[in-house]
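Here the structure comes first, spelled out in structure tokens, and everything after it is commentary.
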Amino acid sequence: MRITWDTLTGSEADRLAGAWVEIDGWIATNDDAPTCHFALTAEPACCTGHLPRDPRARIEVFTDEAVPTGSQSVRLAGRWTVLENDALDWRYQLHEARLLPAAHPAPGFTRRTVLASGLAGGAMLGLSAWTPSASAAPNEAAIAAARQMLDDAITIDLHSHTGSIGGLKRIQERAPFTPVAEPMKAGRMAVLNLAMVADTPATAVTDDKRIRPFRDPAPGELYAYAQQAFARLHEMVKAQKLAVITDAASLKAAHSARPSVIVSAEGADFTEGRTNRVDEFYEKWQLRHLQLTHYRVNELGDIQTEPPVHGGLTDAGAAIIRRCNERGIIVDIAHGTYDLVKRAAGITTKPLVLSHTSITMQNRPFTRQILPNHAKLVASTNGVIGIWPPTTIFPDMEAYAAGIARMVDLTSIDSVGIGTDMQGLLSPSALPSYRQLPELAAALLARGFKRDEMLKLLGGNFMRVALASLA
Ligand SMILES: [Zn+2]
Ligand SMILES: [Zn+2]
């Protein structure tokens with residue numbers, strides 16, 4: 001029988017033990033080569049090494065034949081197994097599993113038309129720019145013309161981990177950095193919100209490449225880790241000769257010929273809920289962009305990928321937002337629940353940023369995408385939402401441009417930006433290098449956005465929000 005991810009959150013999933021079932025999902029593995037053992041999740045994970053903590057949001061899969069680990073969604077059939085008190089915190093397994101051909105779109109259908117067909121209500125929602133029969137990929141001349149339009153614009157990525165700055169091993173072994181300045185210059189990308197990841201030590205991968213259950217970090221552990229992670233971020237910035245934006249004046253002076261970063265944190269776990277740590281990191285590490293939560297329910301509030309614990313934003317989270325507002329730090333509510341955003345929107349005196357996500361019409365458990373009311377809430381603070389480019393959601397540049405257009409239609413032309421999550425995605429990216437920014441600009445123009453609208457989407461909107469927040 002066919003089951004859905006909703007089945008897993010109800011009692012029926014337990015009664016199905018031993019039955020043959022079919023389910024759709026996304027493969028999550030650290031293997032590049034085909035594999036017989038992987039995790040299946042309801043949607044692609046955001047950052048490498050992260051699975052949903054809730055065992056009802058993931059399935060451990062064993063196949064007889066190795067399965068390719070590309071970015072496609074898959075439909076699997078297998079024997080449903082229910083575990084009790086598993087040491088590695090799995091609840092559901094699929095044994096003797098095999099791929100079903102039905103998971104792949106029928107010939108003549110692209111992923112984009114499949115996505116669009118899921119939007120039958122689109123007209124009612126005013127999704128005018130979401131037209132599945134979009135133009136073909138822009139040609140070289142169109143891309144060159146778009147590149148020229150970006151020459152003197154301040155283009156901004158709302159969320160990036162580029163330069164090989166993250167990961168425990170890389171930090172410990174001082175792995176070589178990867179080029180950042182050169183691709184930014186080539187693609188006319190002026191500013192990155194460059195984020196260290198605050199909760200990395202709270203997850204681990206075992207020798208057999210299973211991702212271990214979440215553990216509670218020791219008091220002070222993530223504070224100490226953050227010192228190392230910010231130090232590495234700054235080492236890369238220095239090695240690549242990037243400028244660091246610390247105030248409104250340095251942001252206004254940004255240019256892609258002299259690429260810049262805004263020092264950012266994905267997760268405020270290192271604060272351990274204390275506002276004085278905001279001041280400390282502002283001074284010591286030039287922190288100017290703080291995402292409150294990530295893949296761990298921390299002291300500040302609830303996250304999209306775990307069951308709620310706090311009922312949204314905590315009082316500590318509220319105090320930290322106020323301190324960021326006063327100090328001149330951009331507040332990012334990516335990964336936060338709708339309830340977290342609701343309270344945050346009521347507290348903040350500055351526009352909010354939701355740096356990487358996209359619209360979904362399905363209220364699935366543990367999704368990192370957001371519903372229209374969630375997007376509208378961010379927009380209501382005069383804020384900006386960065387669209388996130390994993391190929392599992394947007395298979396190519398045209399689809400990514402369509403996803404941006406879709407968010408514009410649901411909010412406004414002043415509410416949307418791009419958040420590439422460069423080097424933080426589990427799947428390939430529709431925008432794998434900053435060199436390709438002109439291709440995205442051309443794809444947006446081809447969708448009918450005017451030059452000034454395209455420039456708002458690729459940086460202008462975030463610029464407005466940042467100028468309102470920075471001192
Ligand atoms: Zn993320
Ligand atoms: Zn990220």
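Identifiers in the structure tokens: chain A, B, ... in order shown; residue index from 1 per chain; ligand index from 1 in order shown.
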
Using only C-alpha atoms and all ligand atoms, tabulate the residues of chain A lying at most 12 Å from any atom of ligand 2, each with its closest atom pair and that distance in Å to one decimal, by chain and increasing residue number, as CSV.
residue,atom,partner,partner_atom_place_in_ligand_line,distance
A:Ala45,CA,ligand 2,1 (Zn),10.4
A:Cys46,CA,ligand 2,1 (Zn),6.7
A:Cys47,CA,ligand 2,1 (Zn),5.7
A:Thr48,CA,ligand 2,1 (Zn),8.9
A:Gly49,CA,ligand 2,1 (Zn),11.3
A:His50,CA,ligand 2,1 (Zn),10.7
A:Asp157,CA,ligand 2,1 (Zn),11.9
A:Leu158,CA,ligand 2,1 (Zn),10.2
A:His159,CA,ligand 2,1 (Zn),6.6
A:Ser160,CA,ligand 2,1 (Zn),6.5
A:His161,CA,ligand 2,1 (Zn),6.6
A:Thr162,CA,ligand 2,1 (Zn),9.9
A:Ile165,CA,ligand 2,1 (Zn),11.8
A:Gly166,CA,ligand 2,1 (Zn),9.9
A:Gly167,CA,ligand 2,1 (Zn),11.7
A:Asn193,CA,ligand 2,1 (Zn),10.6
A:Leu194,CA,ligand 2,1 (Zn),9.4
A:Ala195,CA,ligand 2,1 (Zn),7.2
A:Met196,CA,ligand 2,1 (Zn),8.4
A:Val197,CA,ligand 2,1 (Zn),7.2
A:Ala198,CA,ligand 2,1 (Zn),10.3
A:Asp199,CA,ligand 2,1 (Zn),11.2
A:Thr200,CA,ligand 2,1 (Zn),11.1
A:Ser264,CA,ligand 2,1 (Zn),10.5
A:Ala265,CA,ligand 2,1 (Zn),9.2
A:Glu266,CA,ligand 2,1 (Zn),6.4
A:Gly267,CA,ligand 2,1 (Zn),9.5
A:Gln291,CA,ligand 2,1 (Zn),9.9
A:Thr293,CA,ligand 2,1 (Zn),11.0
A:His294,CA,ligand 2,1 (Zn),8.4
A:Tyr295,CA,ligand 2,1 (Zn),10.0
A:Asp332,CA,ligand 2,1 (Zn),11.9
A:Ala334,CA,ligand 2,1 (Zn),9.4
A:His335,CA,ligand 2,1 (Zn),9.6
A:Leu354,CA,ligand 2,1 (Zn),11.7
A:Ser355,CA,ligand 2,1 (Zn),9.0
A:His356,CA,ligand 2,1 (Zn),7.8
A:Thr357,CA,ligand 2,1 (Zn),10.4
A:Arg368,CA,ligand 2,1 (Zn),11.5
A:Gly386,CA,ligand 2,1 (Zn),11.7
A:Trp388,CA,ligand 2,1 (Zn),9.7
A:Pro389,CA,ligand 2,1 (Zn),11.6
A:Pro390,CA,ligand 2,1 (Zn),11.5
A:Gly419,CA,ligand 2,1 (Zn),8.9
A:Thr420,CA,ligand 2,1 (Zn),8.4
A:Asp421,CA,ligand 2,1 (Zn),4.9
A:Met422,CA,ligand 2,1 (Zn),7.7
A:Gln423,CA,ligand 2,1 (Zn),8.1
A:Gly424,CA,ligand 2,1 (Zn),5.0
A:Leu425,CA,ligand 2,1 (Zn),7.2
A:Leu426,CA,ligand 2,1 (Zn),10.1

message = Please identify the strand (DSSP E) residues within stretch 252-305 of chain A (assignment by DSSP from backbone atoms) and present them as a list in words.
response =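 DSSP on the backbone gives strand (DSSP E) at Ser260, Val261, Ile262, Val263, Ser264, Ala265, Glu266, His289, Leu290 and Gln291 of chain A.
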
Restricting it to C-alpha atoms, dump the selection as a PDB file, in the first residue's frame.
ATOM      1  CA  SER A 260      32.718  42.051   0.711  1.00  0.00           C
ATOM      2  CA  VAL A 261      31.165  39.940   3.434  1.00  0.00           C
ATOM      3  CA  ILE A 262      28.761  40.572   6.279  1.00  0.00           C
ATOM      4  CA  VAL A 263      29.854  38.292   9.125  1.00  0.00           C
ATOM      5  CA  SER A 264      26.873  36.064   9.911  1.00  0.00           C
ATOM      6  CA  ALA A 265      25.944  33.181  12.182  1.00  0.00           C
ATOM      7  CA  GLU A 266      23.565  30.337  11.293  1.00  0.00           C
ATOM      8  CA  HIS A 289      23.820  39.169  10.948  1.00  0.00           C
ATOM      9  CA  LEU A 290      22.389  36.707  13.444  1.00  0.00           C
ATOM     10  CA  GLN A 291      20.102  33.794  12.533  1.00  0.00           C
TER      11      GLN A 291
END

inquiry  = Neighbouring residues of A:Thr271 were defined as those with any atom within 9 Å, considering only C-alpha atoms; residues of the same chain fewer than 2 positions away were excluded. Please report them as a list in words.
reply    =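 Neighbouring residues, sequence-local ones excluded: Leu222, Tyr223, Ala268, Asp269, Gly273, Arg274, Thr275, Asn276, Arg277, Val278, Phe281, Glu299 and Ile320 of chain A.
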
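Distance-wise, atom CA of A:Lys376 and atom CA of A:Met397 end up 24.8 Å apart.
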
ask   = A:Leu99, A:Met361, A:Ser250, A:Gly336: which is nearest ligand 1, counting only C-alpha atoms and all ligand atoms?
value =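 Between A:Leu99, A:Met361, A:Ser250, A:Gly336, the residue approaching ligand 1 most closely is A:Gly336.
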
With a distance cut-off of 8 Å and only C-alpha atoms, select the neighbouring residues of A:Ala28, excluding the residue or stretch itself and same-chain residues fewer than 3 positions from it, and output the selection as a short mmCIF file (atom, residue, chain, number, x, y, z; two decimals) with N, CA and C atoms, in the first residue's frame.
data_model
loop_
_atom_site.label_atom_id
_atom_site.label_comp_id
_atom_site.auth_asym_id
_atom_site.auth_seq_id
_atom_site.Cartn_x
_atom_site.Cartn_y
_atom_site.Cartn_z
N PHE A 38 20.71 4.13 3.09
CA PHE A 38 20.59 5.59 3.15
C PHE A 38 19.38 5.97 3.98
N ALA A 39 19.26 7.26 4.22
CA ALA A 39 18.07 7.77 4.89
C ALA A 39 17.12 8.34 3.84
N LEU A 40 15.84 8.25 4.11
CA LEU A 40 14.83 8.87 3.25
C LEU A 40 14.12 9.94 4.08
N THR A 41 13.98 11.13 3.49
CA THR A 41 13.31 12.21 4.21
C THR A 41 12.19 12.79 3.33
N PRO A 44 14.40 17.50 0.77
CA PRO A 44 15.86 17.55 0.89
C PRO A 44 16.29 18.27 2.15
N ALA A 45 17.33 17.77 2.81
CA ALA A 45 17.86 18.45 3.99
C ALA A 45 18.57 19.72 3.55
N LEU A 51 19.94 15.60 9.46
CA LEU A 51 18.67 14.93 9.22
C LEU A 51 17.68 15.46 10.25
N THR A 69 22.58 8.13 -6.01
CA THR A 69 22.30 9.09 -4.94
C THR A 69 22.15 10.51 -5.48
N LEU A 426 22.82 19.94 0.80
CA LEU A 426 23.02 18.50 0.69
C LEU A 426 22.95 18.06 -0.77
#

key: Non-local contacts of A:Val331 (9 Å; only C-alpha atoms; under 5 positions in same chain excluded) as a ChimeraX atom specification   = /A:288-292,321,324-325,348,350-354,469
